[in-house]
Amino acid sequence: MIELHAIEKRFGKQVVLNGVEFEVREGETVALLGPSGTGKSVLLKTIIGLIKPDHGTIIVDGKNVGKLKRRELSELRSQIGYVFQNGALFDSMTVFENVRLGITDQDKYQNLDYVRARIAECIRLVNLPADTIDKFPAQLSGGMRKRVGIARAIAGSPKYLLYDEPTSGLDPVNADIIDALVQRLDDELGVTSVMVTHDVRGAFRVADRLALLSEGTIVMQGTPQEFLASPNAKVREFLERDFDNPSFAA
Amino acid sequence: MADSTTLDIRQITGRLVLEGTSQVGRLSFFVLDMLRGLREVRIWWPRMMVEAWNIGAGSLFIVLLISAFAGAVTALQTGYQFTGSIPYYVVGTLVVSSIILELGPVLTALILAGRIGARYAAELGTMRVTEQIDALESLGRSPASHLVIPRVLAGLIMIPALTVLANLSGILSGWISVKAVLPVTDADFIYGAQYYWRPWDAWYSVIKAFFFAGSITIISCYMGFNTQQGAEGVGKSTTTAVVTSSVLILVLDTVLTRLLLNQ
């Protein structure tokens, strides 16, 4: 379980997060919605300690992330797969080496037979051709890079998956493929997922629960149905953008 | 008006002191992180070998070329200043001492500050702005042992080695050049080179190169590691890394000369 209490973060004079209360229960998929630049990615990064909040507490599996020692934080991170917005693949390494870095258990990482089998399995899970493993990130399309990023995130068999804008910058067809992939991985691997996105359509398709971040706070958390029925002005304003979009109905 | 100017100076001084102190603090933590990562030999060893090869093979030609020209110019200028009242063997002393004590290590370090320092700062800076360093951390891996230690150790090994080769290249080129302008025999040159020769000079040259290597690699990795704000930030980090390490090389040169050659 992931719990965030009273999270505050500012960069210089700009207040990005202002008392965020947020929780993710075991096995569920939560989509964190909000317009661009509202601090969704910052919030996601605080969960694994990549960004330290100015105030507030983050608890993952009962452990206070802010108080963990270096080694404990490293162990916690090995249970969390993080999918970066632009893949964040190591461009000097092949796909094989990139995905291999996701195998966080050092004994398994050194066992080449295990590594080959695990990488082949992860590449298959994200629907990439087997020969992708010999390519460099620069030889892949944007959608393929995102899928390699997902393969790297799941290579260590994590308990949690955090997706940072997995469909941003993709055309609708590729965005649908990634959404379907996220849904399938959640079902097949049984992981607990948090997906940061401003794509309402994808969020409604994938998530069990939604949360809307606006002006530094969580305005509303609830199921997709509760969101649709909400009279909250900010929720309505955010959803109506996509309700007006004919592709939403499809 | 005078009051506001005073206030401005105070504010600027205060800001500079704070910024300087904060940089020193962050640099100390950076080095501490690096020392902690030294335990992960399995991680940094293979990467260090690759970096060492890149530095050695990639920089050898330019280092030998520049030190050869430096040796030749030293010899030619020595020839220009000779009026006949000084024995010719002194040329050997001048060329060898100038190259080993100063030109070899300092020129090599300044070239490598541009070549390796810029590369390290740009590589790590790009990795920072494209979230590759964050990705390493998110995987529970230490960026220090994957990215910083291999680069710093490779520099600490290869820069002194390149300096030794630069010294040899400079001396050889000076020897050949001086024979073109003065009636100096090989025996004169060797006699002069040996007359004032102290084995400590060679150690001094390597020790200086080692300190220069530390300043180039640590400063450039630190600058790259702390890059902010996209492509512009990468450019800024790269420039700052080269300028800072070049200035530090000159400062260290003065300090080490005072400390190591103090008689």
# chains A, B, ... in the order shown; residues from 1 in each chain; ligands from 1

$ interface_residues --of "chain B" --to "chain A" --cutoff "8 Å" --atoms "only C-alpha atoms" --output "PDB file with C-alpha atoms, in the first residue's frame"
ATOM      1  CA  MET B 127      21.859  11.693 -18.899  1.00  0.00           C
ATOM      2  CA  THR B 130      16.868  12.869 -20.136  1.00  0.00           C
ATOM      3  CA  GLU B 131      16.195  11.236 -16.727  1.00  0.00           C
ATOM      4  CA  GLN B 132      18.691   8.408 -17.326  1.00  0.00           C
ATOM      5  CA  ASP B 134      16.921   9.133 -12.269  1.00  0.00           C
ATOM      6  CA  ALA B 135      16.200   5.829 -14.021  1.00  0.00           C
ATOM      7  CA  GLU B 137      18.349   5.462  -9.068  1.00  0.00           C
ATOM      8  CA  SER B 138      14.789   4.217  -9.541  1.00  0.00           C
ATOM      9  CA  LEU B 139      16.220   0.760 -10.259  1.00  0.00           C
ATOM     10  CA  GLY B 140      17.922   0.829  -6.858  1.00  0.00           C
ATOM     11  CA  ARG B 141      21.353   1.230  -8.484  1.00  0.00           C
TER      12      ARG B 141
END

$ residues_around --residues "A:Glu28" --least-positions-apart "5" --cutoff "9 Å" --atoms "only C-alpha atoms" --output "ChimeraX atom specification"
/A:186,190-194,207-209

$ atom_distance --atom1 "atom CA of A:Gly143" --atom2 "atom CA of A:Ser168"
9.8 Å

$ select_by_dssp --residues "stretch 8-117 of chain A" --states "helix (DSSP H, G or I)" --output "MDAnalysis selection string"
chainID A and resid 40:47 65:67 70:77 95:100 106:110 112:117

$ select_by_dssp --residues "stretch 15-128 of chain A" --states "strand (DSSP E)" --output "PyMOL selection string"
chain A and resi 15-24+29-33+55-60+63-64+80-83

$ write_last_selection --atoms "N, CA and C atoms" --output "PDB file, in the first residue's frame"
ATOM      1  N   VAL A  15       4.919  27.068  -5.589  1.00  0.00           N
ATOM      2  CA  VAL A  15       4.390  25.956  -4.801  1.00  0.00           C
ATOM      3  C   VAL A  15       3.820  24.919  -5.767  1.00  0.00           C
ATOM      4  N   VAL A  16       4.378  23.706  -5.767  1.00  0.00           N
ATOM      5  CA  VAL A  16       3.927  22.677  -6.705  1.00  0.00           C
ATOM      6  C   VAL A  16       2.926  21.745  -6.020  1.00  0.00           C
ATOM      7  N   LEU A  17       3.268  21.287  -4.843  1.00  0.00           N
ATOM      8  CA  LEU A  17       2.354  20.417  -4.094  1.00  0.00           C
ATOM      9  C   LEU A  17       2.042  21.092  -2.767  1.00  0.00           C
ATOM     10  N   ASN A  18       0.776  21.109  -2.424  1.00  0.00           N
ATOM     11  CA  ASN A  18       0.385  21.886  -1.242  1.00  0.00           C
ATOM     12  C   ASN A  18      -0.565  21.074  -0.369  1.00  0.00           C
ATOM     13  N   GLY A  19       0.009  20.121   0.360  1.00  0.00           N
ATOM     14  CA  GLY A  19      -0.799  19.304   1.272  1.00  0.00           C
ATOM     15  C   GLY A  19      -1.534  18.171   0.586  1.00  0.00           C
ATOM     16  N   VAL A  20      -0.820  17.408  -0.236  1.00  0.00           N
ATOM     17  CA  VAL A  20      -1.457  16.308  -0.978  1.00  0.00           C
ATOM     18  C   VAL A  20      -1.707  15.100  -0.069  1.00  0.00           C
ATOM     19  N   GLU A  21      -2.940  14.616  -0.104  1.00  0.00           N
ATOM     20  CA  GLU A  21      -3.315  13.376   0.590  1.00  0.00           C
ATOM     21  C   GLU A  21      -3.708  12.375  -0.487  1.00  0.00           C
ATOM     22  N   PHE A  22      -3.046  11.215  -0.490  1.00  0.00           N
ATOM     23  CA  PHE A  22      -3.279  10.291  -1.615  1.00  0.00           C
ATOM     24  C   PHE A  22      -2.935   8.881  -1.153  1.00  0.00           C
ATOM     25  N   GLU A  23      -3.735   7.912  -1.558  1.00  0.00           N
ATOM     26  CA  GLU A  23      -3.355   6.537  -1.204  1.00  0.00           C
ATOM     27  C   GLU A  23      -3.709   5.561  -2.326  1.00  0.00           C
ATOM     28  N   VAL A  24      -2.913   4.513  -2.388  1.00  0.00           N
ATOM     29  CA  VAL A  24      -3.123   3.471  -3.401  1.00  0.00           C
ATOM     30  C   VAL A  24      -3.168   2.145  -2.663  1.00  0.00           C
ATOM     31  N   THR A  29      -5.289  -0.191  -9.654  1.00  0.00           N
ATOM     32  CA  THR A  29      -4.629   0.705 -10.601  1.00  0.00           C
ATOM     33  C   THR A  29      -5.260   2.078 -10.456  1.00  0.00           C
ATOM     34  N   VAL A  30      -4.438   3.042 -10.073  1.00  0.00           N
ATOM     35  CA  VAL A  30      -4.946   4.397  -9.862  1.00  0.00           C
ATOM     36  C   VAL A  30      -4.360   5.319 -10.910  1.00  0.00           C
ATOM     37  N   ALA A  31      -5.212   6.095 -11.547  1.00  0.00           N
ATOM     38  CA  ALA A  31      -4.728   7.090 -12.510  1.00  0.00           C
ATOM     39  C   ALA A  31      -4.733   8.455 -11.832  1.00  0.00           C
ATOM     40  N   LEU A  32      -3.577   9.107 -11.858  1.00  0.00           N
ATOM     41  CA  LEU A  32      -3.453  10.439 -11.290  1.00  0.00           C
ATOM     42  C   LEU A  32      -3.575  11.434 -12.433  1.00  0.00           C
ATOM     43  N   LEU A  33      -4.717  12.112 -12.451  1.00  0.00           N
ATOM     44  CA  LEU A  33      -5.012  13.031 -13.563  1.00  0.00           C
ATOM     45  C   LEU A  33      -4.668  14.473 -13.198  1.00  0.00           C
ATOM     46  N   HIS A  55       7.696  18.932   3.079  1.00  0.00           N
ATOM     47  CA  HIS A  55       6.959  18.471   4.265  1.00  0.00           C
ATOM     48  C   HIS A  55       6.118  17.268   3.864  1.00  0.00           C
ATOM     49  N   GLY A  56       5.688  16.508   4.870  1.00  0.00           N
ATOM     50  CA  GLY A  56       4.781  15.398   4.610  1.00  0.00           C
ATOM     51  C   GLY A  56       5.466  14.041   4.725  1.00  0.00           C
ATOM     52  N   THR A  57       4.636  13.003   4.682  1.00  0.00           N
ATOM     53  CA  THR A  57       5.121  11.647   4.889  1.00  0.00           C
ATOM     54  C   THR A  57       4.687  10.759   3.733  1.00  0.00           C
ATOM     55  N   ILE A  58       5.616   9.919   3.279  1.00  0.00           N
ATOM     56  CA  ILE A  58       5.288   8.935   2.239  1.00  0.00           C
ATOM     57  C   ILE A  58       5.542   7.561   2.841  1.00  0.00           C
ATOM     58  N   ILE A  59       4.514   6.735   2.824  1.00  0.00           N
ATOM     59  CA  ILE A  59       4.659   5.391   3.410  1.00  0.00           C
ATOM     60  C   ILE A  59       4.369   4.355   2.336  1.00  0.00           C
ATOM     61  N   VAL A  60       5.354   3.485   2.107  1.00  0.00           N
ATOM     62  CA  VAL A  60       5.170   2.395   1.146  1.00  0.00           C
ATOM     63  C   VAL A  60       5.388   1.090   1.914  1.00  0.00           C
ATOM     64  N   LYS A  63       6.668   1.431   5.340  1.00  0.00           N
ATOM     65  CA  LYS A  63       7.978   2.074   5.553  1.00  0.00           C
ATOM     66  C   LYS A  63       7.917   3.547   5.175  1.00  0.00           C
ATOM     67  N   ASN A  64       8.438   4.375   6.068  1.00  0.00           N
ATOM     68  CA  ASN A  64       8.475   5.816   5.815  1.00  0.00           C
ATOM     69  C   ASN A  64       9.658   6.112   4.883  1.00  0.00           C
ATOM     70  N   ILE A  80       9.826  -1.515  -6.845  1.00  0.00           N
ATOM     71  CA  ILE A  80       8.981  -0.559  -7.568  1.00  0.00           C
ATOM     72  C   ILE A  80       9.544  -0.365  -8.982  1.00  0.00           C
ATOM     73  N   GLY A  81       8.718  -0.637  -9.982  1.00  0.00           N
ATOM     74  CA  GLY A  81       9.140  -0.370 -11.358  1.00  0.00           C
ATOM     75  C   GLY A  81       8.653   1.014 -11.756  1.00  0.00           C
ATOM     76  N   TYR A  82       9.543   1.826 -12.320  1.00  0.00           N
ATOM     77  CA  TYR A  82       9.177   3.197 -12.679  1.00  0.00           C
ATOM     78  C   TYR A  82       9.319   3.359 -14.185  1.00  0.00           C
ATOM     79  N   VAL A  83       8.236   3.729 -14.834  1.00  0.00           N
ATOM     80  CA  VAL A  83       8.273   3.947 -16.288  1.00  0.00           C
ATOM     81  C   VAL A  83       8.334   5.454 -16.543  1.00  0.00           C
TER      82      VAL A  83
END

$ residues_around --residues "A:Arg184" --least-positions-apart "3" --cutoff "12 Å" --atoms "only C-alpha atoms" --output "PyMOL selection string"
chain A and resi 29+125-127+177-181+187-191+193+205-207

$ residues_around --residues "B:Ile190" --least-positions-apart "6" --cutoff "12 Å" --atoms "only C-alpha atoms" --output "list in words"
Tyr88, Tyr89, Val90, Val91, Gly92, Thr93, Leu94, Val95, Val96, Ile171, Leu172, Trp175, Val184, Tyr196 and Trp197 of chain B

$ atom_distance --atom1 "atom CA of B:Asp186" --atom2 "atom CA of B:Pro105"
25.0 Å

$ closest_residue --among "A:Asn232, A:Arg124, A:Val95, A:Asp54" --to "A:Leu140" --atoms "only C-alpha atoms"
A:Val95

$ closest_residue --among "B:Asn262, B:Ser67, B:Phe30, B:Leu136" --to "B:Ile218" --atoms "only C-alpha atoms"
B:Phe30

$ atom_distance --atom1 "atom CA of B:Ser245" --atom2 "atom CA of B:Glu102"
17.1 Å

$ residues_around --residues "stretch 199-203 of chain A" --least-positions-apart "5" --cutoff "8 Å" --atoms "only C-alpha atoms" --output "list of chain:residue names"
A:Ala31, A:Leu33, A:Thr167, A:Ala175, A:Asp176, A:Asp179, A:Leu210, A:Leu239, A:Asp242, A:Phe248

$ residues_around --residues "B:Ile62" --least-positions-apart "2" --cutoff "10 Å" --atoms "only C-alpha atoms" --output "list in words"
Gly58, Ser59, Leu60, Leu64, Leu65, Ile66, Ser67, Ala68, Thr108, Ile111, Leu112, Arg115 and Ala166 of chain B

$ decode --residues "stretch 19-58 of chain A" --atoms "N, CA and C atoms" --output "PDB file, in the first residue's frame"
ATOM      1  N   GLY A  19       0.009  20.121   0.360  1.00  0.00           N
ATOM      2  CA  GLY A  19      -0.799  19.304   1.272  1.00  0.00           C
ATOM      3  C   GLY A  19      -1.534  18.171   0.586  1.00  0.00           C
ATOM      4  N   VAL A  20      -0.820  17.408  -0.236  1.00  0.00           N
ATOM      5  CA  VAL A  20      -1.457  16.308  -0.978  1.00  0.00           C
ATOM      6  C   VAL A  20      -1.707  15.100  -0.069  1.00  0.00           C
ATOM      7  N   GLU A  21      -2.940  14.616  -0.104  1.00  0.00           N
ATOM      8  CA  GLU A  21      -3.315  13.376   0.590  1.00  0.00           C
ATOM      9  C   GLU A  21      -3.708  12.375  -0.487  1.00  0.00           C
ATOM     10  N   PHE A  22      -3.046  11.215  -0.490  1.00  0.00           N
ATOM     11  CA  PHE A  22      -3.279  10.291  -1.615  1.00  0.00           C
ATOM     12  C   PHE A  22      -2.935   8.881  -1.153  1.00  0.00           C
ATOM     13  N   GLU A  23      -3.735   7.912  -1.558  1.00  0.00           N
ATOM     14  CA  GLU A  23      -3.355   6.537  -1.204  1.00  0.00           C
ATOM     15  C   GLU A  23      -3.709   5.561  -2.326  1.00  0.00           C
ATOM     16  N   VAL A  24      -2.913   4.513  -2.388  1.00  0.00           N
ATOM     17  CA  VAL A  24      -3.123   3.471  -3.401  1.00  0.00           C
ATOM     18  C   VAL A  24      -3.168   2.145  -2.663  1.00  0.00           C
ATOM     19  N   ARG A  25      -4.276   1.426  -2.837  1.00  0.00           N
ATOM     20  CA  ARG A  25      -4.424   0.145  -2.128  1.00  0.00           C
ATOM     21  C   ARG A  25      -3.817  -0.991  -2.938  1.00  0.00           C
ATOM     22  N   GLU A  26      -3.552  -2.091  -2.228  1.00  0.00           N
ATOM     23  CA  GLU A  26      -2.936  -3.269  -2.867  1.00  0.00           C
ATOM     24  C   GLU A  26      -3.737  -3.734  -4.079  1.00  0.00           C
ATOM     25  N   GLY A  27      -3.073  -3.969  -5.166  1.00  0.00           N
ATOM     26  CA  GLY A  27      -3.675  -4.594  -6.338  1.00  0.00           C
ATOM     27  C   GLY A  27      -4.475  -3.668  -7.241  1.00  0.00           C
ATOM     28  N   GLU A  28      -4.672  -2.421  -6.832  1.00  0.00           N
ATOM     29  CA  GLU A  28      -5.492  -1.548  -7.678  1.00  0.00           C
ATOM     30  C   GLU A  28      -4.626  -0.716  -8.634  1.00  0.00           C
ATOM     31  N   THR A  29      -5.289  -0.191  -9.654  1.00  0.00           N
ATOM     32  CA  THR A  29      -4.629   0.705 -10.601  1.00  0.00           C
ATOM     33  C   THR A  29      -5.260   2.078 -10.456  1.00  0.00           C
ATOM     34  N   VAL A  30      -4.438   3.042 -10.073  1.00  0.00           N
ATOM     35  CA  VAL A  30      -4.946   4.397  -9.862  1.00  0.00           C
ATOM     36  C   VAL A  30      -4.360   5.319 -10.910  1.00  0.00           C
ATOM     37  N   ALA A  31      -5.212   6.095 -11.547  1.00  0.00           N
ATOM     38  CA  ALA A  31      -4.728   7.090 -12.510  1.00  0.00           C
ATOM     39  C   ALA A  31      -4.733   8.455 -11.832  1.00  0.00           C
ATOM     40  N   LEU A  32      -3.577   9.107 -11.858  1.00  0.00           N
ATOM     41  CA  LEU A  32      -3.453  10.439 -11.290  1.00  0.00           C
ATOM     42  C   LEU A  32      -3.575  11.434 -12.433  1.00  0.00           C
ATOM     43  N   LEU A  33      -4.717  12.112 -12.451  1.00  0.00           N
ATOM     44  CA  LEU A  33      -5.012  13.031 -13.563  1.00  0.00           C
ATOM     45  C   LEU A  33      -4.668  14.473 -13.198  1.00  0.00           C
ATOM     46  N   GLY A  34      -4.587  15.282 -14.196  1.00  0.00           N
ATOM     47  CA  GLY A  34      -4.369  16.707 -13.955  1.00  0.00           C
ATOM     48  C   GLY A  34      -3.779  17.351 -15.185  1.00  0.00           C
ATOM     49  N   PRO A  35      -4.012  18.655 -15.333  1.00  0.00           N
ATOM     50  CA  PRO A  35      -3.433  19.355 -16.487  1.00  0.00           C
ATOM     51  C   PRO A  35      -1.912  19.312 -16.414  1.00  0.00           C
ATOM     52  N   SER A  36      -1.249  19.562 -17.558  1.00  0.00           N
ATOM     53  CA  SER A  36       0.212  19.575 -17.582  1.00  0.00           C
ATOM     54  C   SER A  36       0.735  20.654 -16.635  1.00  0.00           C
ATOM     55  N   GLY A  37       1.832  20.314 -15.952  1.00  0.00           N
ATOM     56  CA  GLY A  37       2.492  21.298 -15.093  1.00  0.00           C
ATOM     57  C   GLY A  37       1.866  21.453 -13.724  1.00  0.00           C
ATOM     58  N   THR A  38       1.060  20.472 -13.301  1.00  0.00           N
ATOM     59  CA  THR A  38       0.433  20.602 -11.978  1.00  0.00           C
ATOM     60  C   THR A  38       1.176  19.801 -10.905  1.00  0.00           C
ATOM     61  N   GLY A  39       2.284  19.158 -11.279  1.00  0.00           N
ATOM     62  CA  GLY A  39       3.092  18.451 -10.273  1.00  0.00           C
ATOM     63  C   GLY A  39       2.805  16.970 -10.174  1.00  0.00           C
ATOM     64  N   LYS A  40       2.175  16.388 -11.202  1.00  0.00           N
ATOM     65  CA  LYS A  40       1.866  14.953 -11.145  1.00  0.00           C
ATOM     66  C   LYS A  40       3.157  14.122 -11.123  1.00  0.00           C
ATOM     67  N   SER A  41       4.083  14.468 -12.018  1.00  0.00           N
ATOM     68  CA  SER A  41       5.339  13.716 -12.085  1.00  0.00           C
ATOM     69  C   SER A  41       6.161  13.921 -10.818  1.00  0.00           C
ATOM     70  N   VAL A  42       6.103  15.146 -10.276  1.00  0.00           N
ATOM     71  CA  VAL A  42       6.830  15.428  -9.025  1.00  0.00           C
ATOM     72  C   VAL A  42       6.285  14.526  -7.926  1.00  0.00           C
ATOM     73  N   LEU A  43       4.958  14.415  -7.872  1.00  0.00           N
ATOM     74  CA  LEU A  43       4.329  13.574  -6.850  1.00  0.00           C
ATOM     75  C   LEU A  43       4.762  12.114  -7.009  1.00  0.00           C
ATOM     76  N   LEU A  44       4.803  11.652  -8.264  1.00  0.00           N
ATOM     77  CA  LEU A  44       5.195  10.260  -8.524  1.00  0.00           C
ATOM     78  C   LEU A  44       6.646  10.020  -8.101  1.00  0.00           C
ATOM     79  N   LYS A  45       7.490  11.019  -8.366  1.00  0.00           N
ATOM     80  CA  LYS A  45       8.914  10.865  -8.015  1.00  0.00           C
ATOM     81  C   LYS A  45       9.146  10.891  -6.506  1.00  0.00           C
ATOM     82  N   THR A  46       8.258  11.551  -5.778  1.00  0.00           N
ATOM     83  CA  THR A  46       8.427  11.558  -4.315  1.00  0.00           C
ATOM     84  C   THR A  46       8.198  10.151  -3.748  1.00  0.00           C
ATOM     85  N   ILE A  47       7.374   9.345  -4.441  1.00  0.00           N
ATOM     86  CA  ILE A  47       7.050   8.001  -3.925  1.00  0.00           C
ATOM     87  C   ILE A  47       8.305   7.135  -3.844  1.00  0.00           C
ATOM     88  N   ILE A  48       9.211   7.276  -4.818  1.00  0.00           N
ATOM     89  CA  ILE A  48      10.431   6.443  -4.753  1.00  0.00           C
ATOM     90  C   ILE A  48      11.648   7.251  -4.293  1.00  0.00           C
ATOM     91  N   GLY A  49      11.391   8.425  -3.764  1.00  0.00           N
ATOM     92  CA  GLY A  49      12.487   9.190  -3.168  1.00  0.00           C
ATOM     93  C   GLY A  49      13.401   9.873  -4.173  1.00  0.00           C
ATOM     94  N   LEU A  50      12.966   9.994  -5.436  1.00  0.00           N
ATOM     95  CA  LEU A  50      13.797  10.727  -6.407  1.00  0.00           C
ATOM     96  C   LEU A  50      13.709  12.225  -6.133  1.00  0.00           C
ATOM     97  N   ILE A  51      12.577  12.658  -5.589  1.00  0.00           N
ATOM     98  CA  ILE A  51      12.423  14.047  -5.146  1.00  0.00           C
ATOM     99  C   ILE A  51      11.968  13.997  -3.689  1.00  0.00           C
ATOM    100  N   LYS A  52      12.642  14.779  -2.866  1.00  0.00           N
ATOM    101  CA  LYS A  52      12.264  14.794  -1.449  1.00  0.00           C
ATOM    102  C   LYS A  52      11.259  15.921  -1.209  1.00  0.00           C
ATOM    103  N   PRO A  53      10.117  15.599  -0.589  1.00  0.00           N
ATOM    104  CA  PRO A  53       9.152  16.674  -0.309  1.00  0.00           C
ATOM    105  C   PRO A  53       9.680  17.595   0.794  1.00  0.00           C
ATOM    106  N   ASP A  54       9.196  18.848   0.802  1.00  0.00           N
ATOM    107  CA  ASP A  54       9.596  19.772   1.870  1.00  0.00           C
ATOM    108  C   ASP A  54       8.927  19.378   3.185  1.00  0.00           C
ATOM    109  N   HIS A  55       7.696  18.932   3.079  1.00  0.00           N
ATOM    110  CA  HIS A  55       6.959  18.471   4.265  1.00  0.00           C
ATOM    111  C   HIS A  55       6.118  17.268   3.864  1.00  0.00           C
ATOM    112  N   GLY A  56       5.688  16.508   4.870  1.00  0.00           N
ATOM    113  CA  GLY A  56       4.781  15.398   4.610  1.00  0.00           C
ATOM    114  C   GLY A  56       5.466  14.041   4.725  1.00  0.00           C
ATOM    115  N   THR A  57       4.636  13.003   4.682  1.00  0.00           N
ATOM    116  CA  THR A  57       5.121  11.647   4.889  1.00  0.00           C
ATOM    117  C   THR A  57       4.687  10.759   3.733  1.00  0.00           C
ATOM    118  N   ILE A  58       5.616   9.919   3.279  1.00  0.00           N
ATOM    119  CA  ILE A  58       5.288   8.935   2.239  1.00  0.00           C
ATOM    120  C   ILE A  58       5.542   7.561   2.841  1.00  0.00           C
TER     121      ILE A  58
END
